[in-house]
Number of protein chains: 2
Amino acid sequence: MTTASRPLYAQLADTLRAKIAAGEYEPGSKLPSERALCETYSASRNTVRLGLQRLVAEGLIVASQGRGYTVRRPDVLVYNASRSEDHDRRISAGVDAWVQDIREQGRNPSQRISVSIERAEPHIASRLELEPDALVLVRRRLRFVDDQPWSSEDSYYAYEVVKGTPIAEPGDIQQGVIAYMASMGYVQTRYVDDVTAAMPNPEQVNELQLEPGVPLLIRTRTGYTDDEKPVRVTVTAMPTDRNVLRYELGGPKRG
Amino acid sequence: MTTASRPLYAQLADTLRAKIAAGEYEPGSKLPSERALCETYSASRNTVRLGLQRLVAEGLIVASQGRGYTVRRPDVLVYNASRSEDHDRRISAGVDAWVQDIREQGRNPSQRISVSIERAEPHIASRLELEPDALVLVRRRLRFVDDQPWSSEDSYYAYEVVKGTPIAEPGDIQQGVIAYMASMGYVQTRYVDDVTAAMPNPEQVNELQLEPGVPLLIRTRTGYTDDEKPVRVTVTAMPTDRNVLRYELGGPKRG
DNA sequence: TGGGGCAACTGGTCCCAACAAGTTGAGCCA
DNA sequence: TGGCTCAACTTGTTGGGACCAGTTGCCCCA
(Lines give C-alpha, C1' and ligand atoms only; values in the text may rest on other atoms or scores of the structure.)
Protein backbone atom coordinates (compact mmCIF):
# COMPACT_ATOMS: atom_id res chain seq x y z
CA MET A 1 0.00 0.00 0.00
CA THR A 2 1.32 3.40 -0.94
CA THR A 3 -1.09 4.83 1.60
CA ALA A 4 0.97 3.33 4.37
CA SER A 5 3.72 5.90 3.90
CA ARG A 6 1.39 8.77 3.11
CA PRO A 7 0.72 11.08 6.07
CA LEU A 8 -2.54 10.61 7.90
CA TYR A 9 -3.84 14.08 7.04
CA ALA A 10 -3.13 13.48 3.36
CA GLN A 11 -4.98 10.17 3.44
CA LEU A 12 -7.95 11.93 5.01
CA ALA A 13 -7.83 14.61 2.31
CA ASP A 14 -7.63 11.92 -0.39
CA THR A 15 -10.61 10.07 1.04
CA LEU A 16 -12.79 13.15 1.26
CA ARG A 17 -11.67 14.38 -2.17
CA ALA A 18 -12.65 11.05 -3.68
CA LYS A 19 -16.05 11.15 -1.99
CA ILE A 20 -16.68 14.64 -3.30
CA ALA A 21 -15.62 13.62 -6.81
CA ALA A 22 -17.92 10.61 -6.61
CA GLY A 23 -20.82 12.85 -5.69
CA GLU A 24 -21.18 11.37 -2.25
CA TYR A 25 -21.05 14.93 -0.93
CA GLU A 26 -22.91 17.14 -3.39
CA PRO A 27 -22.19 20.83 -4.00
CA GLY A 28 -23.72 22.86 -1.19
CA SER A 29 -23.96 19.92 1.21
CA LYS A 30 -22.19 19.76 4.53
CA LEU A 31 -19.24 17.58 5.50
CA PRO A 32 -19.08 15.90 8.92
CA SER A 33 -17.74 18.19 11.64
CA GLU A 34 -14.07 18.17 12.60
CA ARG A 35 -14.78 16.39 15.84
CA ALA A 36 -16.88 13.78 14.08
CA LEU A 37 -14.04 13.12 11.62
CA CYS A 38 -11.67 12.77 14.58
CA GLU A 39 -13.68 9.81 15.81
CA THR A 40 -14.30 8.30 12.39
CA TYR A 41 -10.64 8.30 11.41
CA SER A 42 -9.13 7.98 14.90
CA ALA A 43 -7.07 11.11 14.46
CA SER A 44 -6.46 14.21 16.51
CA ARG A 45 -8.30 17.38 15.68
CA ASN A 46 -4.98 18.88 14.60
CA THR A 47 -4.53 16.19 11.97
CA VAL A 48 -8.13 16.40 10.76
CA ARG A 49 -7.80 20.16 10.37
CA LEU A 50 -4.63 19.74 8.29
CA GLY A 51 -6.51 17.46 5.91
CA LEU A 52 -9.51 19.75 5.64
CA GLN A 53 -7.32 22.81 5.14
CA ARG A 54 -5.72 21.06 2.22
CA LEU A 55 -9.11 20.72 0.52
CA VAL A 56 -9.91 24.33 1.36
CA ALA A 57 -6.61 25.34 -0.27
CA GLU A 58 -7.59 23.38 -3.37
CA GLY A 59 -10.82 25.32 -3.52
CA LEU A 60 -12.98 22.21 -3.15
CA ILE A 61 -14.70 23.12 0.11
CA VAL A 62 -15.33 26.24 2.16
CA ALA A 63 -15.17 26.56 5.94
CA SER A 64 -17.58 28.67 7.96
CA GLN A 65 -17.20 29.22 11.67
CA GLY A 66 -20.20 27.88 13.52
CA ARG A 67 -21.71 26.22 10.49
CA GLY A 68 -19.17 23.69 9.30
CA TYR A 69 -17.58 22.75 5.97
CA THR A 70 -19.62 22.80 2.75
CA VAL A 71 -18.78 21.62 -0.77
CA ARG A 72 -18.26 24.60 -3.06
CA ARG A 73 -20.96 25.30 -5.63
CA PRO A 74 -19.54 26.71 -8.90
CA ASP A 75 -20.95 29.92 -10.45
CA VAL A 76 -18.77 31.02 -13.33
CA LEU A 77 -19.34 33.79 -15.89
CA VAL A 78 -17.49 34.21 -19.19
CA TYR A 79 -15.49 37.34 -19.97
CA ASN A 80 -14.77 37.50 -23.67
CA ALA A 81 -11.40 39.20 -23.90
CA SER A 82 -10.99 39.07 -27.67
CA ARG A 83 -14.00 41.25 -28.39
CA SER A 84 -13.84 43.60 -25.42
CA GLU A 85 -12.02 46.22 -27.48
CA ASP A 86 -14.41 45.87 -30.40
CA HIS A 87 -15.14 49.42 -31.45
CA ASP A 88 -18.52 49.04 -33.16
CA ARG A 89 -19.92 46.87 -30.45
CA ARG A 90 -18.97 49.31 -27.74
CA ILE A 91 -20.43 52.33 -29.49
CA SER A 92 -23.73 50.64 -30.28
CA ALA A 93 -24.22 49.44 -26.74
CA GLY A 94 -23.25 52.75 -25.21
CA VAL A 95 -21.73 50.92 -22.28
CA ASP A 96 -18.60 49.18 -21.17
CA ALA A 97 -17.92 45.97 -23.10
CA TRP A 98 -17.77 43.98 -19.88
CA VAL A 99 -21.16 45.32 -18.81
CA GLN A 100 -22.56 44.17 -22.14
CA ASP A 101 -20.93 40.75 -21.75
CA ILE A 102 -22.48 40.15 -18.34
CA ARG A 103 -25.93 41.40 -19.36
CA GLU A 104 -25.94 38.95 -22.24
CA GLN A 105 -25.55 36.23 -19.63
CA GLY A 106 -28.69 37.44 -17.84
CA ARG A 107 -26.99 39.02 -14.85
CA ASN A 108 -26.86 42.50 -13.36
CA PRO A 109 -23.45 44.18 -13.70
CA SER A 110 -22.30 47.36 -11.97
CA GLN A 111 -19.00 49.03 -11.18
CA ARG A 112 -17.32 51.53 -8.92
CA ILE A 113 -14.63 53.72 -10.42
CA SER A 114 -11.98 55.76 -8.69
CA VAL A 115 -9.16 57.80 -10.17
CA SER A 116 -5.79 58.60 -8.69
CA ILE A 117 -2.33 59.76 -9.67
CA GLU A 118 0.53 57.53 -8.58
CA ARG A 119 4.15 56.76 -9.22
CA ALA A 120 4.35 53.82 -11.60
CA GLU A 121 5.45 50.48 -10.25
CA PRO A 122 8.29 48.90 -12.24
CA HIS A 123 6.20 46.45 -14.26
CA ILE A 124 3.75 49.21 -15.25
CA ALA A 125 6.48 51.72 -16.06
CA SER A 126 8.35 49.29 -18.29
CA ARG A 127 5.21 48.38 -20.22
CA LEU A 128 4.33 52.04 -20.78
CA GLU A 129 7.98 52.70 -21.62
CA LEU A 130 8.28 55.36 -18.93
CA GLU A 131 11.09 56.02 -16.50
CA PRO A 132 10.75 54.29 -13.16
CA ASP A 133 8.63 56.32 -10.72
CA ALA A 134 7.11 58.41 -13.52
CA LEU A 135 3.63 59.69 -12.76
CA VAL A 136 0.71 57.66 -14.08
CA LEU A 137 -3.01 58.21 -13.99
CA VAL A 138 -4.80 55.17 -12.59
CA ARG A 139 -8.47 54.40 -13.17
CA ARG A 140 -9.41 51.70 -10.68
CA ARG A 141 -12.54 49.80 -11.46
CA LEU A 142 -14.19 47.40 -9.01
CA ARG A 143 -16.81 45.32 -10.78
CA PHE A 144 -19.92 43.74 -9.28
CA VAL A 145 -22.39 41.15 -10.57
CA ASP A 146 -25.73 41.10 -8.76
CA ASP A 147 -24.07 43.37 -6.16
CA GLN A 148 -21.35 40.80 -5.38
CA PRO A 149 -17.71 41.78 -6.02
CA TRP A 150 -16.68 40.01 -9.20
CA SER A 151 -13.39 41.38 -10.53
CA SER A 152 -11.17 44.44 -10.57
CA GLU A 153 -9.65 46.30 -13.49
CA ASP A 154 -7.02 49.01 -13.17
CA SER A 155 -6.03 51.07 -16.21
CA TYR A 156 -2.78 53.04 -16.30
CA TYR A 157 -2.02 56.04 -18.56
CA ALA A 158 1.06 58.23 -18.71
CA TYR A 159 0.03 61.29 -16.70
CA GLU A 160 1.79 63.63 -19.13
CA VAL A 161 -0.63 62.52 -21.82
CA VAL A 162 -3.99 62.61 -20.04
CA LYS A 163 -3.69 65.40 -17.48
CA GLY A 164 -6.47 67.94 -17.71
CA THR A 165 -8.66 65.72 -19.89
CA PRO A 166 -11.98 64.04 -18.97
CA ILE A 167 -10.09 60.78 -18.63
CA ALA A 168 -8.55 62.12 -15.45
CA GLU A 169 -12.01 62.61 -13.91
CA PRO A 170 -13.92 59.92 -12.05
CA GLY A 171 -17.01 58.52 -13.74
CA ASP A 172 -17.93 55.91 -16.29
CA ILE A 173 -16.55 57.19 -19.56
CA GLN A 174 -15.19 53.80 -20.61
CA GLN A 175 -17.25 53.85 -23.79
CA GLY A 176 -15.37 56.97 -24.80
CA VAL A 177 -11.89 56.58 -23.37
CA ILE A 178 -10.39 54.81 -26.34
CA ALA A 179 -12.13 57.15 -28.77
CA TYR A 180 -10.96 60.13 -26.75
CA MET A 181 -7.38 58.94 -26.73
CA ALA A 182 -7.67 58.42 -30.46
CA SER A 183 -8.81 62.01 -30.96
CA MET A 184 -5.62 63.11 -29.25
CA GLY A 185 -3.52 61.07 -31.63
CA TYR A 186 -3.22 57.91 -29.57
CA VAL A 187 -4.95 55.33 -31.77
CA GLN A 188 -4.72 51.85 -30.28
CA THR A 189 -4.61 49.24 -33.01
CA ARG A 190 -2.75 46.36 -31.39
CA TYR A 191 -3.03 44.69 -28.01
CA VAL A 192 -0.83 42.25 -26.14
CA ASP A 193 -2.38 40.25 -23.32
CA ASP A 194 -0.20 38.47 -20.77
CA VAL A 195 -2.19 36.01 -18.71
CA THR A 196 -1.07 34.43 -15.48
CA ALA A 197 -2.50 33.53 -12.09
CA ALA A 198 -1.50 33.98 -8.49
CA MET A 199 -2.81 33.47 -5.02
CA PRO A 200 -4.26 36.74 -3.69
CA ASN A 201 -2.69 38.88 -1.02
CA PRO A 202 -4.79 40.00 1.96
CA GLU A 203 -5.79 43.28 0.28
CA GLN A 204 -7.19 41.44 -2.70
CA VAL A 205 -8.94 38.94 -0.44
CA ASN A 206 -10.66 41.85 1.26
CA GLU A 207 -11.50 43.83 -1.87
CA LEU A 208 -12.91 40.93 -3.87
CA GLN A 209 -14.37 39.04 -0.91
CA LEU A 210 -12.32 35.98 -1.76
CA GLU A 211 -12.60 32.66 -0.05
CA PRO A 212 -9.43 30.73 0.74
CA GLY A 213 -8.11 28.54 -2.06
CA VAL A 214 -9.32 30.67 -4.96
CA PRO A 215 -6.56 31.75 -7.35
CA LEU A 216 -6.73 35.07 -9.16
CA LEU A 217 -6.57 35.03 -12.94
CA ILE A 218 -4.53 38.08 -13.93
CA ARG A 219 -4.58 39.60 -17.39
CA THR A 220 -2.23 42.44 -18.22
CA ARG A 221 -3.26 44.15 -21.46
CA THR A 222 -0.95 46.61 -23.19
CA GLY A 223 -2.43 48.70 -26.01
CA TYR A 224 -0.16 50.04 -28.77
CA THR A 225 -0.53 52.58 -31.56
CA ASP A 226 0.35 51.77 -35.15
CA ASP A 227 3.88 53.02 -34.59
CA GLU A 228 4.31 50.72 -31.57
CA LYS A 229 3.94 53.32 -28.84
CA PRO A 230 2.25 51.93 -25.71
CA VAL A 231 -0.88 53.90 -24.82
CA ARG A 232 -2.49 52.09 -21.96
CA VAL A 233 -1.87 49.21 -19.57
CA THR A 234 -4.84 47.43 -18.01
CA VAL A 235 -4.51 44.90 -15.23
CA THR A 236 -7.59 42.74 -14.66
CA ALA A 237 -7.87 40.46 -11.62
CA MET A 238 -10.51 37.76 -11.87
CA PRO A 239 -11.26 35.25 -9.09
CA THR A 240 -11.38 31.90 -10.86
CA ASP A 241 -14.36 30.66 -8.90
CA ARG A 242 -16.47 33.21 -10.73
CA ASN A 243 -14.69 33.96 -14.02
CA VAL A 244 -13.52 32.36 -17.23
CA LEU A 245 -11.51 34.37 -19.73
CA ARG A 246 -12.36 33.63 -23.36
CA TYR A 247 -10.39 34.34 -26.54
CA GLU A 248 -11.82 33.74 -29.99
CA LEU A 249 -9.10 33.40 -32.63
CA GLY A 250 -9.03 33.02 -36.39
CA GLY A 251 -12.18 32.37 -38.37
CA PRO A 252 -13.81 34.17 -41.30
CA LYS A 253 -14.44 37.32 -39.27
CA ARG A 254 -10.76 38.06 -38.87
CA GLY A 255 -9.17 36.46 -41.89
CA MET B 1 -4.11 49.34 16.16
CA THR B 2 -5.89 47.06 13.78
CA THR B 3 -3.21 44.49 14.43
CA ALA B 4 -4.56 43.99 17.91
CA SER B 5 -7.53 42.00 16.60
CA ARG B 6 -5.63 40.23 13.85
CA PRO B 7 -4.52 36.70 14.73
CA LEU B 8 -0.92 36.26 15.75
CA TYR B 9 -0.07 34.00 12.86
CA ALA B 10 -1.53 36.52 10.40
CA GLN B 11 0.54 39.30 11.94
CA LEU B 12 3.64 37.18 11.54
CA ALA B 13 2.75 36.50 7.91
CA ASP B 14 2.15 40.22 7.31
CA THR B 15 5.49 41.13 8.85
CA LEU B 16 7.46 38.61 6.83
CA ARG B 17 5.55 39.45 3.64
CA ALA B 18 6.40 43.12 4.08
CA LYS B 19 10.07 42.31 4.65
CA ILE B 20 10.16 40.20 1.51
CA ALA B 21 8.44 42.93 -0.50
CA ALA B 22 10.93 45.45 0.86
CA GLY B 23 13.80 43.28 -0.30
CA GLU B 24 14.98 42.60 3.22
CA TYR B 25 14.92 38.93 2.32
CA GLU B 26 16.04 38.59 -1.28
CA PRO B 27 14.97 35.84 -3.72
CA GLY B 28 16.93 32.70 -2.92
CA SER B 29 17.86 33.80 0.59
CA LYS B 30 16.87 31.93 3.72
CA LEU B 31 14.35 33.01 6.35
CA PRO B 32 15.04 32.47 10.07
CA SER B 33 14.19 28.97 11.25
CA GLU B 34 10.83 28.20 12.84
CA ARG B 35 12.34 28.00 16.31
CA ALA B 36 14.17 31.27 15.84
CA LEU B 37 10.91 32.94 14.84
CA CYS B 38 9.25 31.40 17.91
CA GLU B 39 11.66 33.31 20.14
CA THR B 40 11.62 36.52 18.13
CA TYR B 41 7.84 36.78 18.11
CA SER B 42 7.14 35.00 21.40
CA ALA B 43 4.86 32.48 19.73
CA SER B 44 4.55 28.73 19.78
CA ARG B 45 5.98 26.73 16.92
CA ASN B 46 2.45 25.82 15.84
CA THR B 47 1.55 29.48 15.42
CA VAL B 48 4.77 30.28 13.58
CA ARG B 49 4.10 27.37 11.22
CA LEU B 50 0.59 28.68 10.50
CA GLY B 51 2.05 32.02 9.47
CA LEU B 52 4.78 30.49 7.31
CA GLN B 53 2.34 28.10 5.67
CA ARG B 54 0.24 31.07 4.66
CA LEU B 55 3.20 32.54 2.77
CA VAL B 56 3.92 29.14 1.25
CA ALA B 57 0.29 29.01 0.09
CA GLU B 58 0.70 32.43 -1.50
CA GLY B 59 3.68 31.13 -3.40
CA LEU B 60 6.08 33.64 -1.83
CA ILE B 61 8.39 31.18 -0.10
CA VAL B 62 9.22 27.49 -0.34
CA ALA B 63 9.85 25.09 2.53
CA SER B 64 12.46 22.35 2.43
CA GLN B 65 12.78 19.77 5.14
CA GLY B 66 16.16 20.00 6.79
CA ARG B 67 17.17 23.18 5.02
CA GLY B 68 14.62 25.82 6.00
CA TYR B 69 12.48 28.36 4.18
CA THR B 70 13.78 30.28 1.16
CA VAL B 71 12.29 33.16 -0.82
CA ARG B 72 11.09 31.96 -4.22
CA ARG B 73 13.13 33.01 -7.24
CA PRO B 74 10.98 33.62 -10.34
CA ASP B 75 11.81 31.96 -13.70
CA VAL B 76 9.00 32.54 -16.15
CA LEU B 77 8.82 31.76 -19.88
CA VAL B 78 6.30 33.15 -22.34
CA TYR B 79 3.95 30.88 -24.28
CA ASN B 80 2.47 32.80 -27.18
CA ALA B 81 -0.99 31.30 -27.63
CA SER B 82 -2.17 33.51 -30.47
CA ARG B 83 0.49 32.32 -32.91
CA SER B 84 0.80 28.69 -31.85
CA GLU B 85 -1.59 27.58 -34.60
CA ASP B 86 0.19 29.68 -37.20
CA HIS B 87 0.43 27.43 -40.22
CA ASP B 88 3.40 28.93 -42.05
CA ARG B 89 5.47 29.26 -38.94
CA ARG B 90 4.95 25.64 -37.97
CA ILE B 91 5.81 24.28 -41.38
CA SER B 92 8.98 26.30 -41.73
CA ALA B 93 10.27 25.33 -38.34
CA GLY B 94 9.42 21.68 -38.81
CA VAL B 95 8.65 21.44 -35.12
CA ASP B 96 5.96 22.05 -32.60
CA ALA B 97 5.11 25.73 -32.20
CA TRP B 98 5.77 25.54 -28.48
CA VAL B 99 9.22 24.06 -29.11
CA GLN B 100 9.94 26.99 -31.39
CA ASP B 101 8.67 29.47 -28.81
CA ILE B 102 10.94 28.14 -26.09
CA ARG B 103 14.01 27.90 -28.33
CA GLU B 104 13.56 31.56 -29.23
CA GLN B 105 13.91 32.29 -25.54
CA GLY B 106 17.27 30.53 -25.46
CA ARG B 107 16.15 27.40 -23.61
CA ASN B 108 16.13 23.69 -24.37
CA PRO B 109 12.61 22.27 -24.88
CA SER B 110 11.65 18.60 -25.05
CA GLN B 111 8.51 16.56 -24.68
CA ARG B 112 7.18 13.11 -23.91
CA ILE B 113 4.10 11.98 -25.78
CA SER B 114 1.74 9.14 -24.98
CA VAL B 115 -1.45 8.10 -26.74
CA SER B 116 -4.48 6.37 -25.30
CA ILE B 117 -8.14 5.74 -25.99
CA GLU B 118 -10.54 6.75 -23.26
CA ARG B 119 -14.16 7.51 -22.55
CA ALA B 120 -14.66 11.27 -22.74
CA GLU B 121 -15.24 13.17 -19.55
CA PRO B 122 -18.34 15.41 -19.64
CA HIS B 123 -16.56 18.70 -20.30
CA ILE B 124 -14.57 17.16 -23.16
CA ALA B 125 -17.57 15.38 -24.67
CA SER B 126 -19.71 18.51 -24.66
CA ARG B 127 -16.99 20.56 -26.34
CA LEU B 128 -16.50 17.93 -29.06
CA GLU B 129 -20.29 17.61 -29.33
CA LEU B 130 -20.15 13.89 -28.61
CA GLU B 131 -22.44 11.78 -26.48
CA PRO B 132 -21.26 11.32 -22.89
CA ASP B 133 -18.81 8.42 -22.55
CA ALA B 134 -18.09 8.40 -26.27
CA LEU B 135 -14.60 7.16 -27.16
CA VAL B 136 -11.91 9.77 -27.66
CA LEU B 137 -8.30 9.51 -28.70
CA VAL B 138 -6.05 11.33 -26.25
CA ARG B 139 -2.56 12.54 -27.06
CA ARG B 140 -0.92 13.42 -23.75
CA ARG B 141 2.09 15.63 -23.94
CA LEU B 142 4.38 16.34 -21.00
CA ARG B 143 6.68 19.23 -21.77
CA PHE B 144 10.13 19.90 -20.36
CA VAL B 145 12.44 22.91 -20.44
CA ASP B 146 16.08 22.16 -19.66
CA ASP B 147 14.85 18.71 -18.53
CA GLN B 148 12.56 20.20 -15.88
CA PRO B 149 8.80 19.50 -16.17
CA TRP B 150 7.24 22.69 -17.49
CA SER B 151 3.66 22.11 -18.62
CA SER B 152 1.29 19.46 -19.91
CA GLU B 153 -0.93 19.49 -22.97
CA ASP B 154 -3.61 16.90 -23.69
CA SER B 155 -5.36 16.85 -27.07
CA TYR B 156 -8.68 15.06 -27.58
CA TYR B 157 -10.10 13.82 -30.89
CA ALA B 158 -13.28 11.89 -31.62
CA TYR B 159 -12.05 8.30 -31.98
CA GLU B 160 -14.44 7.63 -34.85
CA VAL B 161 -12.57 10.24 -36.88
CA VAL B 162 -8.94 9.38 -36.22
CA LYS B 163 -8.88 5.62 -35.73
CA GLY B 164 -6.37 3.86 -37.92
CA THR B 165 -4.55 7.07 -38.86
CA PRO B 166 -1.01 8.13 -37.87
CA ILE B 167 -2.57 10.50 -35.36
CA ALA B 168 -3.49 7.50 -33.26
CA GLU B 169 0.18 6.47 -33.05
CA PRO B 170 2.63 7.73 -30.43
CA GLY B 171 5.36 10.06 -31.63
CA ASP B 172 5.87 13.70 -32.39
CA ILE B 173 3.75 14.43 -35.44
CA GLN B 174 2.43 17.69 -34.07
CA GLN B 175 3.77 19.60 -37.05
CA GLY B 176 1.52 17.52 -39.24
CA VAL B 177 -1.53 16.76 -37.14
CA ILE B 178 -3.53 19.79 -38.19
CA ALA B 179 -2.51 19.37 -41.82
CA TYR B 180 -3.40 15.69 -41.67
CA MET B 181 -6.81 16.42 -40.19
CA ALA B 182 -7.30 18.97 -42.96
CA SER B 183 -6.51 16.38 -45.63
CA MET B 184 -9.34 14.29 -44.21
CA GLY B 185 -11.76 17.17 -44.50
CA TYR B 186 -11.39 18.60 -41.02
CA VAL B 187 -10.02 22.06 -41.64
CA GLN B 188 -9.68 24.06 -38.45
CA THR B 189 -10.18 27.75 -39.12
CA ARG B 190 -11.47 29.06 -35.82
CA TYR B 191 -10.38 28.55 -32.22
CA VAL B 192 -11.97 29.36 -28.88
CA ASP B 193 -9.73 29.51 -25.84
CA ASP B 194 -11.19 29.38 -22.35
CA VAL B 195 -8.64 30.38 -19.73
CA THR B 196 -8.95 29.76 -16.02
CA ALA B 197 -6.78 28.71 -13.11
CA ALA B 198 -7.03 26.22 -10.28
CA MET B 199 -4.97 24.77 -7.51
CA PRO B 200 -3.49 21.43 -8.61
CA ASN B 201 -4.60 18.04 -7.39
CA PRO B 202 -1.98 15.57 -6.09
CA GLU B 203 -1.58 13.90 -9.50
CA GLN B 204 -0.72 17.21 -11.12
CA VAL B 205 1.61 18.09 -8.27
CA ASN B 206 3.47 14.87 -8.93
CA GLU B 207 3.49 15.05 -12.72
CA LEU B 208 4.64 18.67 -12.96
CA GLN B 209 6.82 18.65 -9.84
CA LEU B 210 4.83 21.51 -8.35
CA GLU B 211 5.70 23.27 -5.17
CA PRO B 212 2.89 24.21 -2.77
CA GLY B 213 1.14 27.50 -3.46
CA VAL B 214 1.58 27.47 -7.24
CA PRO B 215 -1.70 27.75 -9.19
CA LEU B 216 -2.14 26.05 -12.55
CA LEU B 217 -3.09 28.22 -15.50
CA ILE B 218 -5.47 26.14 -17.58
CA ARG B 219 -6.27 26.84 -21.22
CA THR B 220 -8.94 24.81 -22.98
CA ARG B 221 -8.73 25.33 -26.74
CA THR B 222 -11.51 24.11 -29.03
CA GLY B 223 -10.81 24.09 -32.77
CA TYR B 224 -13.70 24.40 -35.26
CA THR B 225 -14.10 23.91 -38.99
CA ASP B 226 -15.65 26.56 -41.21
CA ASP B 227 -19.07 24.98 -40.73
CA GLU B 228 -18.70 25.13 -36.94
CA LYS B 229 -17.92 21.48 -36.29
CA PRO B 230 -15.51 20.95 -33.38
CA VAL B 231 -12.40 19.03 -34.45
CA ARG B 232 -10.10 19.02 -31.48
CA VAL B 233 -10.01 19.98 -27.82
CA THR B 234 -6.67 20.76 -26.20
CA VAL B 235 -6.23 21.25 -22.47
CA THR B 236 -2.96 22.90 -21.45
CA ALA B 237 -1.90 23.08 -17.80
CA MET B 238 0.79 25.63 -17.04
CA PRO B 239 2.29 26.18 -13.56
CA THR B 240 2.24 29.94 -13.09
CA ASP B 241 5.64 30.05 -11.47
CA ARG B 242 7.14 29.11 -14.83
CA ASN B 243 4.67 30.23 -17.49
CA VAL B 244 2.95 33.29 -18.87
CA LEU B 245 0.32 32.91 -21.58
CA ARG B 246 0.43 35.64 -24.23
CA TYR B 247 -2.20 36.72 -26.75
CA GLU B 248 -1.49 39.26 -29.47
CA LEU B 249 -4.68 40.84 -30.80
CA GLY B 250 -5.54 43.26 -33.60
CA GLY B 251 -2.86 45.19 -35.42
CA PRO B 252 -1.97 45.46 -39.11
CA LYS B 253 -1.13 41.75 -39.40
CA ARG B 254 -4.67 40.65 -38.68
CA GLY B 255 -7.09 43.18 -39.57
C1' DT C 1 -48.40 33.33 20.49
C1' DG C 2 -44.07 36.22 20.09
C1' DG C 3 -39.78 37.16 21.37
C1' DG C 4 -35.55 36.69 23.95
C1' DG C 5 -32.09 34.15 25.85
C1' DC C 6 -29.41 30.36 26.58
C1' DA C 7 -27.35 25.78 25.52
C1' DA C 8 -25.14 23.11 22.34
C1' DC C 9 -23.28 22.80 18.43
C1' DT C 10 -19.77 24.56 14.74
C1' DG C 11 -14.85 26.16 13.25
C1' DG C 12 -10.70 29.53 14.80
C1' DT C 13 -6.69 30.40 17.52
C1' DC C 14 -3.01 29.10 20.47
C1' DC C 15 -0.22 26.49 23.58
C1' DC C 16 2.69 22.33 24.84
C1' DA C 17 5.17 18.00 23.80
C1' DA C 18 7.36 14.23 21.18
C1' DC C 19 9.29 11.87 17.53
C1' DA C 20 10.28 11.19 12.30
C1' DA C 21 12.96 12.53 8.49
C1' DG C 22 15.96 15.33 5.52
C1' DT C 23 20.44 18.29 5.39
C1' DT C 24 24.80 19.86 6.62
C1' DG C 25 29.25 20.22 8.36
C1' DA C 26 32.69 19.12 11.73
C1' DG C 27 35.71 15.75 13.01
C1' DC C 28 37.53 11.27 13.29
C1' DC C 29 39.59 7.21 11.29
C1' DA C 30 41.95 4.63 7.80
C1' DT D 1 44.40 13.38 2.53
C1' DG D 2 39.99 10.97 1.42
C1' DG D 3 36.01 9.22 2.87
C1' DC D 4 32.77 8.03 6.33
C1' DT D 5 30.17 8.64 10.51
C1' DC D 6 27.56 11.12 13.48
C1' DA D 7 25.85 15.04 15.96
C1' DA D 8 23.27 19.03 15.46
C1' DC D 9 20.69 21.45 13.04
C1' DT D 10 16.37 21.93 9.90
C1' DT D 11 11.14 21.07 8.72
C1' DG D 12 7.27 17.31 8.83
C1' DT D 13 3.83 14.74 11.38
C1' DT D 14 0.79 13.76 15.19
C1' DG D 15 -0.91 13.74 19.62
C1' DG D 16 -2.81 16.24 23.51
C1' DG D 17 -5.46 20.39 25.73
C1' DA D 18 -7.79 24.94 26.41
C1' DC D 19 -10.47 28.70 25.28
C1' DC D 20 -12.60 32.09 21.79
C1' DA D 21 -16.15 33.14 18.43
C1' DG D 22 -19.76 32.53 15.28
C1' DT D 23 -24.51 29.91 14.29
C1' DT D 24 -28.65 27.61 15.22
C1' DG D 25 -32.56 26.01 17.31
C1' DC D 26 -34.97 24.73 21.33
C1' DC D 27 -37.42 26.26 25.20
C1' DC D 28 -39.12 29.14 28.47
C1' DC D 29 -41.23 33.31 29.81
C1' DA D 30 -44.06 37.37 29.18
# chains A, B, ... in the order shown; residues from 1 in each chain; ligands from 1

$ residues_around --residues "Tyr224 (chain A)" --least-positions-apart "5" --cutoff "9 Å" --atoms "only C-alpha atoms (C1' of nucleotides)" --output "list in words"
Tyr186, Val187, Gln188, Thr189, Arg190, Tyr191, Val192, Lys229, Pro230, Val231 and Arg232 of chain A; Gly251 of chain B

$ closest_atom_pairs --of "chain D" --to "chain A" --cutoff "7 Å" --atoms "only C-alpha atoms (C1' of nucleotides)" --output "tab-separated table"
residue	atom	partner	partner_atom	distance
D:DT14	C1'	A:Thr47	CA	6.7
D:DG15	C1'	A:Ser44	CA	6.4
D:DG22	C1'	A:Gly66	CA	5.0
D:DT23	C1'	A:Gly66	CA	4.8

$ write_last_selection --atoms "N, CA, C and O atoms (P, O5', C5', C4', C3', O3' and C1' of nucleotides)" --output "tab-separated table (two decimals), in the first residue's frame"
chain	number	residue	atom	x	y	z
D	14	DT	P	0.58	12.25	9.91
D	14	DT	O5'	0.25	12.38	11.46
D	14	DT	C5'	0.91	11.53	12.37
D	14	DT	C4'	0.63	12.00	13.77
D	14	DT	C3'	-0.82	12.40	14.05
D	14	DT	O3'	-1.48	11.31	14.65
D	14	DT	C1'	0.79	13.76	15.19
D	15	DG	P	-2.98	11.43	15.19
D	15	DG	O5'	-2.75	11.82	16.71
D	15	DG	C5'	-1.91	11.01	17.50
D	15	DG	C4'	-1.60	11.69	18.80
D	15	DG	C3'	-2.81	12.27	19.51
D	15	DG	O3'	-3.38	11.31	20.39
D	15	DG	C1'	-0.91	13.74	19.62
D	22	DG	P	-17.06	36.57	16.11
D	22	DG	O5'	-17.47	36.01	14.67
D	22	DG	C5'	-18.83	35.85	14.40
D	22	DG	C4'	-19.12	34.40	14.07
D	22	DG	C3'	-20.59	34.16	13.75
D	22	DG	O3'	-20.71	33.79	12.40
D	22	DG	C1'	-19.76	32.53	15.28
D	23	DT	P	-22.11	33.94	11.66
D	23	DT	O5'	-22.96	32.65	12.02
D	23	DT	C5'	-22.36	31.37	11.89
D	23	DT	C4'	-23.37	30.32	12.32
D	23	DT	C3'	-24.83	30.67	12.05
D	23	DT	O3'	-25.36	29.63	11.27
D	23	DT	C1'	-24.51	29.91	14.29

$ interface_residues --of "chain A" --to "chain B" --cutoff "7 Å" --atoms "only C-alpha atoms" --output "list in words"
Glu58, Thr189, Arg190, Tyr191, Val192, Asp193, Asp194, Val195, Thr196, Ala197, Ala198, Met199, Pro200, Pro215, Leu217, Thr240, Val244, Leu245, Arg246, Tyr247, Glu248, Leu249, Gly250, Gly251, Arg254 and Gly255 of chain A

$ atom_distance --atom1 "CA of Thr236 (chain A)" --atom2 "CA of Ser151 (chain A)"
7.2 Å

$ interface_residues --of "chain C" --to "chain B" --cutoff "10 Å" --atoms "only C-alpha atoms (C1' of nucleotides)" --output "ChimeraX atom specification"
/C:12-16,21-24

$ select_by_dssp --residues "region 64-243 of chain B" --states "strand (DSSP E or B)" --output "ChimeraX atom specification"
/B:64,68-71,77-80,109-119,135-145,148-158,190-198,216-224,230-239,243
